[in-house]
Structures are given as structure tokens and as C-alpha cells.
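Peer 1: I have a structure here, written as C-alpha cells, and I will follow up with some questions on it.
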Protein chains: 2
Amino acid sequence: MSEYTLLDAYLESNLEASLQELARLVAQPSVAAQNWGLQECASLVAEMLHRRGFRVEVMPTGGAPVVLAERKGRSDKTLLFYNHYDVQPPEPLELWETPPFEPSIRDGKMYGRGVSDDKGHLVARLFALDALLATEGELPCNVKFIIEGEEETSSLHLHEFILQNKERLQADACIWEFGYVDHRDVPMQYLGLRGICYVELSVETAATDVHSGLGGSIFPNAAWRLVWALHTLKGMDERIRIPGFYDAVRPPSARDWELMAALPDVAEEYRKRYGVREFIKGLQGGAELHIEEVFSPTCTICGLTSGYQGAGAKTVLPARASAKVDFRLVPDQHPQDILQKLRAHLDREGFSDVQIRFLGGEPPARTDPDHPFINLVVETARPVYGVPMQKVPMTGGSGPIYPFVHELGLPVATAGLGYPDTRAHAPNENIRIDLYLKHARHMARVICEFAR
Amino acid sequence: MSEYTLLDAYLESNLEASLQELARLVAQPSVAAQNWGLQECASLVAEMLHRRGFRVEVMPTGGAPVVLAERKGRSDKTLLFYNHYDVQPPEPLELWETPPFEPSIRDGKMYGRGVSDDKGHLVARLFALDALLATEGELPCNVKFIIEGEEETSSLHLHEFILQNKERLQADACIWEFGYVDHRDVPMQYLGLRGICYVELSVETAATDVHSGLGGSIFPNAAWRLVWALHTLKGMDERIRIPGFYDAVRPPSARDWELMAALPDVAEEYRKRYGVREFIKGLQGGAELHIEEVFSPTCTICGLTSGYQGAGAKTVLPARASAKVDFRLVPDQHPQDILQKLRAHLDREGFSDVQIRFLGGEPPARTDPDHPFINLVVETARPVYGVPMQKVPMTGGSGPIYPFVHELGLPVATAGLGYPDTRAHAPNENIRIDLYLKHARHMARVICEFAR
């Protein structure tokens, strides 16, 4: 009989009660973008932790409150969990098969807004703690939670909050808010997040639109100004032309290449899923595609708006034009540095009329793939998932990981119940209950092994 | 007593009845873009001409019918009037002070959709004929009307119709549908219209939008493709880069420069009216601004659309992007030629993925500023307006003038009741009744002098 037999038995037999607790949490709307139910949800989360013997504080941030919680354990070591209680807006409502805030179970899945991102992760972790408390009477190590309410609106106050509460957040390692199995049901260990610098570029050339027959030959055109300005940012060779943009970029290491080479080729799957004929930069697939996907910074036009956009022809010279542009950053780039370089570049190129509005940013950060804590999380996954967890040195998305790595100095591991059809941010968000249980079993093992 | 005393007296004393006839015509909606009331309006116009002894036919075109009308006169010479009975959509309705199809008179103006563009012109000309018939018992010369119903939707069937009815349209000169006095109340003689080639450029790079964190480094981006393609069309020097684009352009003549130099400087007025800080190409004003405004062909981005355009940040890699682009053409450019050169250029530059949708086109055309008929129209204006009519060798807008000049071989003169605040195409479209009367007086004189 393994030392985890009792734990697993507890989790098996208490699964339904845990899912009921999750359903109650999902039923509490907490939409950050709409400022809907955030205080109520923070209170509910605080109550859930308090019931488990945590010292809990709901702390103001200037935005949605942060729930900080801590419970002492047997060993001196401290594990910090980062989660968030806010969710994406539920719209478009008509595409949900059951209402987003009335969680329901069918075909082995629970549906509801936030059930995967991120409430399922939080409650599965509490469930693992329940199992440990029930079987051992105490926690094997100190456990802390930092649970924010602005993750879906770019964690505006989190960095500052962490700086102001460094002492209280002291820990030895961190488990990130999410984790995934891939399309083969193989659990993945994502070891870093790209940063982001999101801006809106806008130009105004006149007080009003003008008839194109009148103004076309003599007036400046905001749409042309925008096109020309954008063209200076990136050429058809995909190279970003802002001087100094690549200065801080660290190239991927031999170890990064090795880990990427161990991943399955996704070229064919990507082509099919997204209907893309070919990749840019002549990419064909394999490790090269994986490396490029996450280790190269980007300059993506997310949106363009100007003038007449309806059916047919309207002969108008637009007075205003704007673009949403998202720079994904890799270590050691920084959004504020990129923002300054962007402004200087536009000025130098003659585009001081192009306004930059900063819409959000986070620096990138990553954890050493061979950090002992990462190996611990990877190794404890094996008996639960039946296959080895695969390390991915970096992922393409962004999140508030920087202060955890660089202010608190923590190794950050990902682990979770996500899967390819989990539909986070989309209608019919759901979790697979088998993966919910596995995540709880995995977390219980991580805490036990970490405590030694 | 001048020979026009009786005519003028008739017009003065019958003005109210003529305005009532105009009001009835304006009350009949005839919105080409919405296919609303076109047949009814064509019948009403036919009836108005029939009542005046014209042989009238309402002829099918494949689109809205054309009203053709003819009445013999004393001399052999034939004057052709080009007008249209269709109007712009009345929206936005809430900005009208009185309903668009319930014409009303206040402060010496009549308000209603189409009262200026172009129903007022048509009825003022019929009013002039009434005066001639009342005072002379016959028309001094043959008079023909071609009145189309698709002018506001780019006269899709007019060119073909003219080709098929060349005999019946034979004439010696043509009066165009519109004319204006400027801000000084000086009548202007516009001697040509630019052509147009209006296209929608679109790119599709994937079946669906993709999260920018995933796709930014490896997938093609439709918005970038569009920006790069547009950039090849025109540089910041405002020079259009499509090979051969300028081949057919005739530079303005010394006479064109002379006429433009005689016009008042509009630089300051333009700056104020449109809130433009400076003109492009280093233009300062004077004749140079006038010449550039109408004698240089353009490539105007009228609209841009791609990806996310709402508030705040959305991290999306757009699968689709499109632009509306309007080329204004000068003699002797031709829209079909430009279209072919555009396609060849995009292909050569590596943009065969950029689709071109042709949304309409008309070639440019102009009349010799010193043509005797032009001089006749200019000279007859003097006693009516009290100031000399000023010749403008070309205007920046477009219209179906080409077949009149180049298929029917006619000199085309402009004359009308428009003024700077006439608000054609906008809410509260209106005419000044004093200018309505002046236009009728002018037209009666033109017909008399032309008949000699």
C-alpha cells in the first residue's frame, strides 16, 4: 500500500462534495471587466479558506481586493499558490448550452463561466488540502494563497501589491494558477510566460472627415499616416524595426532546444485547426516551430479602424485612424523600455502625430527547467497521469508572473486541470471531472514531497 | 426694356407655383441606394415633362429607368439637359429639423431631401421653359432631357444606355445637373470632373482569428499583409507607386493655371472649415493649391477594417483585413486600365493573396474652357448674378460626364442653384429661393442665346 492510498481514497469518496463547493463558487459571478460581483466573490473565497483554518485577509489594492491566506504546517517550507477569483465576461450568452452562472454537470464535465479559469483550479487545490488535513491532521508544510480579482483585466494592481507585501508572501516555491494536459492527455509543465506591451496607436489629421473628391489631393489622410507609421514597425521579413527592440532578448539555450525537440510536431494540427496554409518565416514545424512560437518577440496588429467600413463605396477622406498593437516580449525585455523605444522610433521616423496609448503590460519571466522544484512537480505527476509530464520551457501567452519570479525570487511551476477543449474565455467553458480529481491528487503529492 | 423683361416678370410672378411643383416632386421619395420610390418618381417626372408638350419615354436600363424627353423648338439647335431624379438616403433622420420628404419653406429657403440634388435643378429648368413658352409660345430651340435614377449609386447603367441611344441623344451642347455659387455668391463654371476607380482590397490569412499569444510569432497576420500591400501603393512622398499609373495623365495647361490663379485663395478657409493644420506636398495655397486639388490623381484610403476595434485591449491575431481605396483619375486615365495595373502591381509585389473588388468607376472628362458654348453660359450669367461667372477648369469630384463628352461629343457646362450651405447628401438639404429664381432666369437666357 503506497503512502498515497489513503489520500486518494479520501479524494475519490469526497469528490462530489468538492464539486458542490466548486459549483457554489462558480454560481457567484465575478466579472472583472464588468466590475460585477468581485467583492462578494472575494468574501466567498475568504470564507472557504477560513473554514480550513487559514488566517485570511481581504486586502484592498485600488482595484478588486486580493485574498491573502496562510496556514502553518509541519515543515518550515512554504508553498505559495497563485490563483484568481475573477472570470471573463460570459457574453455571447446565446451560445451557452446552459447558463454561465448556473453550473451543470453532463458527460463527465462541469460547465460554467470560470469553472476552468480559474475557480476549478482553486477548489481542486483546496480539495487536496482537505485530503491532507483529513488523513494527517495537519498540513505537511506552510501553505499560502494569493488570490487576485483582476487577472482577466491584466492584473493592474498585482505587481504593486506584491512589492508592498513581500514579507507576507515569502515562500520557497509557487504553483501557478493554471496547467494543462495536451491533446494526448499528457500533462505539460510550462516554465515561463512571455511579457506583453499593448498599445493603441492613433492619428488625427483633421477636425472632420472630408469628401475624398475634395480633399484627396491636398489634405493629410489619417489612414495613410497610420499605414505608413505601422510599416516602419515591421517589414515583410517579420523583423521588428524599432531600434534596440531586440537588445535585451536572450536566445533560447541548448536545453530549451532539447526540450522543444521532445514535444510532438504540431505543424499539421495547427494548419488544420486554424485553416492556415503556411507559417511565416519559412517555418515548417518540429522544434524550430516550437522555439519560434514562444522565444521570438512579436509585433501583432490586433485591430485596425478608420473611415468607412460598411457595404459598398463611400468616398470619404478619414480624419481619424487607429490600430491596436500587441508586442509579446521575451526575457529580458520590459514593456516600459519597449514603450519608450516605440515613442522614440515614431518621433525619429516623422510620426510625432501618432499618439500612443498604453493599454497594459507585463514583463516576461521564466523558471529554470531543471530547478529541483520543477523536477518535483514533474515527478509527482507521473503516478497520477500514468505518463511523464513534459517540460515546455516557455509559453506564448502572458500573465503576471514577473513579480513572483523576480520580486519574490520563486521557482514557478504550472499544474492544473485544463485540457484542449476547456474553452476558457469562450462559451461553454468546462472542466473534465477526471482531470479535476487528478489535479487534486497531484497537488496532494506535490505538497507532501515538497514538505520533506 | 430688355428682351428679358417679360421673361423675368413671368418668373417673378409664377415663382410660388413652381415651388409648389418642386415640393410635390421632393415629397416623392426616390432613394436609389434603398430602391425606394424610383418607378413612382420616374413616372412623376415623365408626367411633368408630358404636361409641357414633351415627347417622353420612361426607358428600362437594367436598373432604375431613364426618363428621355424631347420637344422641338424654333431653331435647329438642340440643348441637352442632364439631370437625375434619385436622391441620397435621408438618414440620419433625427438630425433633420423638418422631415426630409415633407418639404418646407423658412427664412427664404426650401428644405427637403433632394431639393438641391437634383430635383431643384430639374424643376427650375422646367420653370425657365414655362416662361419661354408663356412669353414666346414656343421653345427657341430643341430641348432634350436625359434624367436618370442611379446618379447617387454611381450611374451604373448610364454609360451603356447612352451608347445604345446615341441617335436620340444627339445635341449641340449639354447643361450638367448641378452648378454652384461660391461663398461670395459668385457663380462658378466647373469645366470637368475627375474620374474614379473605387476598390475594396481584402486579405484572408486563416479560417479564424487566433489568440495573439499563440499565433503572433508563427502565423500570417491579415492586418499586416494589408498594411504592407497598401504601403506599396503610395509612399510618404504622396507619389503613387503603381507602375504606369501616371502614364495617361495630361498636365494642366497654361490656360488652366491662368484660370486657377484668378480664383480666390482658399487655403485659410479650408484650414478653418476642416480643422487641418497643414496641406500635404508642402502646398501653401493660391493657384498651386487649386491646381493640385483637381489635376493630380489620388489614391485615398477611405476605410480600414480588421480584428478588434472596441474599447481596451483584446489580444487577437486577425484572420481578415480590408481597405476601401478610391483612386481619383484625371484626363486621360481610365478606371479599367488602373484596375489592371493595380492587380499586376500587387501580384508583382508578392500580394496575389490581396483580393480586389471593383466597387465602381467612371473616367474623367472635361470641356475646353474657351468653347463658345461655355462663353455663352458664362456671359448670360452676368446680368442675372450681377458679377462675372468664374471658370474653374476642373473639379475634384466625379460623375458620369465621360459619355456626354466623349460618346456624344458635347461641350458640357455647369449652372445651378447650389451654394456652400446647400447640404447635399446631408441632413437639412436646402436651396435658397433667390438662387432658384436666378437659375431659372439664367437658363431662360442660355436657351434664348443658344438658339440664335
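We label chains A, B, ... in the order they appear in the C-alpha cells, count residues from 1 in each chain, and number ligands from 1 in the order shown.
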Select residues of chain A: the criterion is any atom within 6 Å of an atom of chain B, counting only C-alpha atoms; output as a ChimeraX atom specification.

Peer 2: /A:206-208,213-214,216-220,227,274-276,279-280,293,298,300,302-309,316-317,396-397

Peer 1: Give the strand (DSSP E) residues of stretch 310-419 of chain B, as assigned by DSSP on the backbone, as a VMD selection string.

Peer 2: chain B and resid 316 to 317 320 to 329 355 to 362 365 to 366 390 to 392 395 to 398 412 to 413

Peer 1: Would you please work out which residue, of A:His406, A:Arg382, A:His183, A:Arg432, is nearest to A:Leu163 when using only C-alpha atoms?

Peer 2: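 When distances to A:Leu163 are compared using only C-alpha atoms, the smallest one comes from A:His406.
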
Peer 1: What does the distance between atom CA of B:Glu177 and atom CA of B:Gln189 come to in Å, to one decimal place?

Peer 2: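 Interatomic distance, atom CA of B:Glu177 to atom CA of B:Gln189: 12.4 Å.
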
Peer 1: Residues within 12 Å of A:Gln390, please, as a ChimeraX atom specification. Count only C-alpha atoms; anything in the same chain fewer than 5 positions from it doesn't count.

Peer 2: /A:179-182,184-191,258-264,369,374-375,377-379,381-382,385,414-415

Peer 1: Would you save the residues from that selection as a CSV table (one decimal), in the first residue's frame, using C-alpha atoms?

Peer 2:
```
chain,number,residue,atom,x,y,z
A,179,GLY,CA,-1.9,23.9,-16.1
A,180,TYR,CA,-2.9,21.7,-19.0
A,181,VAL,CA,-2.9,18.3,-20.5
A,182,ASP,CA,-2.3,18.3,-24.2
A,184,ARG,CA,-2.8,13.3,-26.0
A,185,ASP,CA,-3.8,13.8,-22.3
A,186,VAL,CA,-0.1,14.3,-21.4
A,187,PRO,CA,0.4,16.9,-18.6
A,188,MET,CA,2.6,19.8,-19.6
A,189,GLN,CA,4.9,21.8,-17.5
A,190,TYR,CA,5.0,25.4,-18.8
A,191,LEU,CA,8.1,27.1,-17.4
A,258,GLU,CA,16.3,19.9,-26.4
A,259,LEU,CA,13.0,20.2,-24.5
A,260,MET,CA,11.2,21.6,-27.6
A,261,ALA,CA,12.6,18.8,-29.7
A,262,ALA,CA,10.9,16.3,-27.3
A,263,LEU,CA,7.5,17.8,-28.0
A,264,PRO,CA,5.2,16.3,-30.7
A,369,PRO,CA,13.7,23.9,-16.5
A,374,ILE,CA,10.1,21.8,-11.2
A,375,ASN,CA,11.5,18.2,-11.1
A,377,VAL,CA,6.2,18.7,-9.7
A,378,VAL,CA,7.1,16.7,-12.8
A,379,GLU,CA,7.9,13.5,-11.0
A,381,ALA,CA,2.6,13.9,-11.8
A,382,ARG,CA,3.8,10.5,-13.2
A,385,TYR,CA,-1.3,10.7,-15.0
A,414,THR,CA,2.3,25.1,-13.7
A,415,ALA,CA,-0.1,22.3,-12.9
```

Peer 1: Neighbouring residues of A:Ile447 were defined as those with any atom within 12 Å, considering only C-alpha atoms; residues of the same chain fewer than 6 positions away were excluded. Please report them as an NGL selection string.

Peer 2: :A and (4 or 73-75 or 77-81 or 125-126 or 128-129 or 131-133 or 138-144 or 172-175 or 373 or 376-377 or 380 or 440-441)

Peer 1: Measuring between only C-alpha atoms, which one of A:Gly63, A:Pro92, A:Gly416, A:Gly120 shows the shortest distance to A:Leu25?

Peer 2: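 Once distances to A:Leu25 are computed over only C-alpha atoms, the minimum belongs to A:Gly120.
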
Peer 1: Please measure the separation of atom CA of A:Lys341 and atom CA of A:Phe245, giving the value in Å to one decimal.

Peer 2: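 Straight-line distance from atom CA of A:Lys341 to atom CA of A:Phe245 works out to 7.2 Å.
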
Peer 1: If we count only C-alpha atoms, what is near A:Gln39 at a cut-off of 12 Å, once residues fewer than 6 positions away on the same chain are taken out, given as a PDB file with C-alpha atoms, in the first residue's frame?

Peer 2:
```
ATOM      1  CA  GLN A  28     -21.153  33.656  -7.809  1.00  0.00           C
ATOM      2  CA  PRO A  29     -20.500  35.935 -10.807  1.00  0.00           C
ATOM      3  CA  SER A  30     -17.181  37.796 -10.584  1.00  0.00           C
ATOM      4  CA  VAL A  31     -16.605  39.522 -13.910  1.00  0.00           C
ATOM      5  CA  ALA A  32     -13.620  41.834 -13.612  1.00  0.00           C
ATOM      6  CA  VAL A  45     -13.240  32.708  -1.270  1.00  0.00           C
ATOM      7  CA  ALA A  46     -12.049  34.123   2.049  1.00  0.00           C
ATOM      8  CA  VAL A  58      -9.196  40.501   2.097  1.00  0.00           C
ATOM      9  CA  MET A  59      -6.892  43.332   1.171  1.00  0.00           C
ATOM     10  CA  PRO A  60      -7.651  46.464  -0.837  1.00  0.00           C
ATOM     11  CA  GLY A  63      -8.956  47.738  -7.751  1.00  0.00           C
ATOM     12  CA  ALA A  64     -10.515  44.387  -6.866  1.00  0.00           C
ATOM     13  CA  PRO A  65      -9.290  43.117  -3.472  1.00  0.00           C
ATOM     14  CA  VAL A  66      -6.639  40.432  -3.093  1.00  0.00           C
ATOM     15  CA  VAL A  67      -7.363  37.492  -0.797  1.00  0.00           C
ATOM     16  CA  TYR A  85     -11.303  34.588  -8.452  1.00  0.00           C
ATOM     17  CA  ASP A  86     -12.345  36.865 -11.320  1.00  0.00           C
ATOM     18  CA  GLU A 148      -6.422  38.232  -7.045  1.00  0.00           C
ATOM     19  CA  GLY A 149      -9.538  39.591  -8.753  1.00  0.00           C
ATOM     20  CA  GLU A 150      -8.068  41.371 -11.782  1.00  0.00           C
TER      21      GLU A 150
END
```

Peer 1: Please identify all polymer residues within 12 Å of B:Arg168, counting only C-alpha atoms, omitting same-chain residues fewer than 6 positions from it, and present them as a PyMOL selection string.

Peer 2: chain B and resi 55-57+68-71+78+80+143-146+161-162+408

Peer 1: Fewer than 5 positions away in the same chain doesn't count, so skip those; otherwise give me all residues within 12 Å of A:Ser104, counting only C-alpha atoms, as a list of chain:residue names.

Peer 2: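 Close residues of A:Ser104: A:Leu19, A:Gln20, A:Leu22, A:Ala23, A:Arg24, A:Val26, A:Ala27, A:Trp96, A:Glu97, A:Thr98, A:Pro99, A:Lys109, A:Met110, A:Tyr111, A:Gly112, A:Arg113, A:Val115, A:Asn428, A:Glu429, A:Asn430, A:Ile431, A:Ile433.
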
Peer 1: Deliver the residues from the most recent selection as a file, using N, CA and C atoms, as an mmCIF file, in the first residue's frame.

Peer 2:
```
data_model
loop_
_atom_site.group_PDB
_atom_site.id
_atom_site.type_symbol
_atom_site.label_atom_id
_atom_site.label_comp_id
_atom_site.auth_asym_id
_atom_site.auth_seq_id
_atom_site.Cartn_x
_atom_site.Cartn_y
_atom_site.Cartn_z
ATOM 1 N N LEU A 19 -17.077 19.071 -5.681
ATOM 2 C CA LEU A 19 -17.696 19.651 -6.886
ATOM 3 C C LEU A 19 -18.859 20.580 -6.515
ATOM 4 N N GLN A 20 -19.562 20.202 -5.440
ATOM 5 C CA GLN A 20 -20.648 21.085 -4.981
ATOM 6 C C GLN A 20 -20.090 22.431 -4.500
ATOM 7 N N LEU A 22 -17.340 23.770 -5.583
ATOM 8 C CA LEU A 22 -16.939 24.470 -6.810
ATOM 9 C C LEU A 22 -18.156 25.114 -7.472
ATOM 10 N N ALA A 23 -19.266 24.353 -7.530
ATOM 11 C CA ALA A 23 -20.477 24.874 -8.180
ATOM 12 C C ALA A 23 -20.963 26.143 -7.466
ATOM 13 N N ARG A 24 -20.891 26.157 -6.138
ATOM 14 C CA ARG A 24 -21.307 27.353 -5.398
ATOM 15 C C ARG A 24 -20.432 28.550 -5.761
ATOM 16 N N VAL A 26 -18.712 28.951 -8.586
ATOM 17 C CA VAL A 26 -18.959 29.343 -9.990
ATOM 18 C C VAL A 26 -20.274 30.131 -10.103
ATOM 19 N N ALA A 27 -21.250 29.763 -9.235
ATOM 20 C CA ALA A 27 -22.556 30.441 -9.289
ATOM 21 C C ALA A 27 -22.463 31.907 -8.861
ATOM 22 N N TRP A 96 -24.244 29.695 -25.026
ATOM 23 C CA TRP A 96 -24.106 28.755 -23.907
ATOM 24 C C TRP A 96 -25.237 27.724 -23.951
ATOM 25 N N GLU A 97 -24.896 26.456 -23.742
ATOM 26 C CA GLU A 97 -25.943 25.427 -23.710
ATOM 27 C C GLU A 97 -26.689 25.443 -22.373
ATOM 28 N N THR A 98 -25.992 25.786 -21.300
ATOM 29 C CA THR A 98 -26.646 26.035 -20.005
ATOM 30 C C THR A 98 -26.103 27.368 -19.504
ATOM 31 N N PRO A 99 -26.892 28.086 -18.678
ATOM 32 C CA PRO A 99 -26.485 29.450 -18.289
ATOM 33 C C PRO A 99 -25.111 29.478 -17.615
ATOM 34 N N LYS A 109 -18.421 16.215 -17.380
ATOM 35 C CA LYS A 109 -17.825 17.554 -17.361
ATOM 36 C C LYS A 109 -18.711 18.506 -16.567
ATOM 37 N N MET A 110 -18.089 19.503 -15.947
ATOM 38 C CA MET A 110 -18.880 20.570 -15.342
ATOM 39 C C MET A 110 -18.719 21.827 -16.200
ATOM 40 N N TYR A 111 -19.872 22.453 -16.495
ATOM 41 C CA TYR A 111 -19.893 23.649 -17.336
ATOM 42 C C TYR A 111 -20.193 24.896 -16.512
ATOM 43 N N GLY A 112 -19.610 26.005 -16.871
ATOM 44 C CA GLY A 112 -19.907 27.276 -16.223
ATOM 45 C C GLY A 112 -18.776 28.263 -16.441
ATOM 46 N N ARG A 113 -19.094 29.543 -16.409
ATOM 47 C CA ARG A 113 -18.047 30.559 -16.575
ATOM 48 C C ARG A 113 -17.121 30.525 -15.375
ATOM 49 N N VAL A 115 -15.295 27.943 -14.462
ATOM 50 C CA VAL A 115 -15.131 26.626 -13.851
ATOM 51 C C VAL A 115 -13.715 26.095 -14.093
ATOM 52 N N ASN A 428 -19.536 27.947 -23.021
ATOM 53 C CA ASN A 428 -19.453 26.535 -22.632
ATOM 54 C C ASN A 428 -18.089 26.153 -22.053
ATOM 55 N N GLU A 429 -17.506 27.092 -21.304
ATOM 56 C CA GLU A 429 -16.292 26.771 -20.549
ATOM 57 C C GLU A 429 -16.588 25.556 -19.682
ATOM 58 N N ASN A 430 -15.630 24.628 -19.617
ATOM 59 C CA ASN A 430 -15.892 23.390 -18.865
ATOM 60 C C ASN A 430 -14.607 22.760 -18.365
ATOM 61 N N ILE A 431 -14.777 21.868 -17.392
ATOM 62 C CA ILE A 431 -13.650 21.037 -16.946
ATOM 63 C C ILE A 431 -14.052 19.570 -17.060
ATOM 64 N N ILE A 433 -14.132 16.158 -15.201
ATOM 65 C CA ILE A 433 -14.092 15.819 -13.777
ATOM 66 C C ILE A 433 -12.944 14.855 -13.479
#
```

Peer 1: Taking only C-alpha atoms into account, name the residue in A:Pro363, A:Ile147, A:Glu152, A:Asn83 that is nearest to A:His425.

Peer 2: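 Distance minimum relative to A:His425 lands on A:Glu152.
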
Peer 1: Hey, can you check how far atom CA of B:Pro411 sits from atom CA of B:Pro331?

Peer 2: 15.4 Å
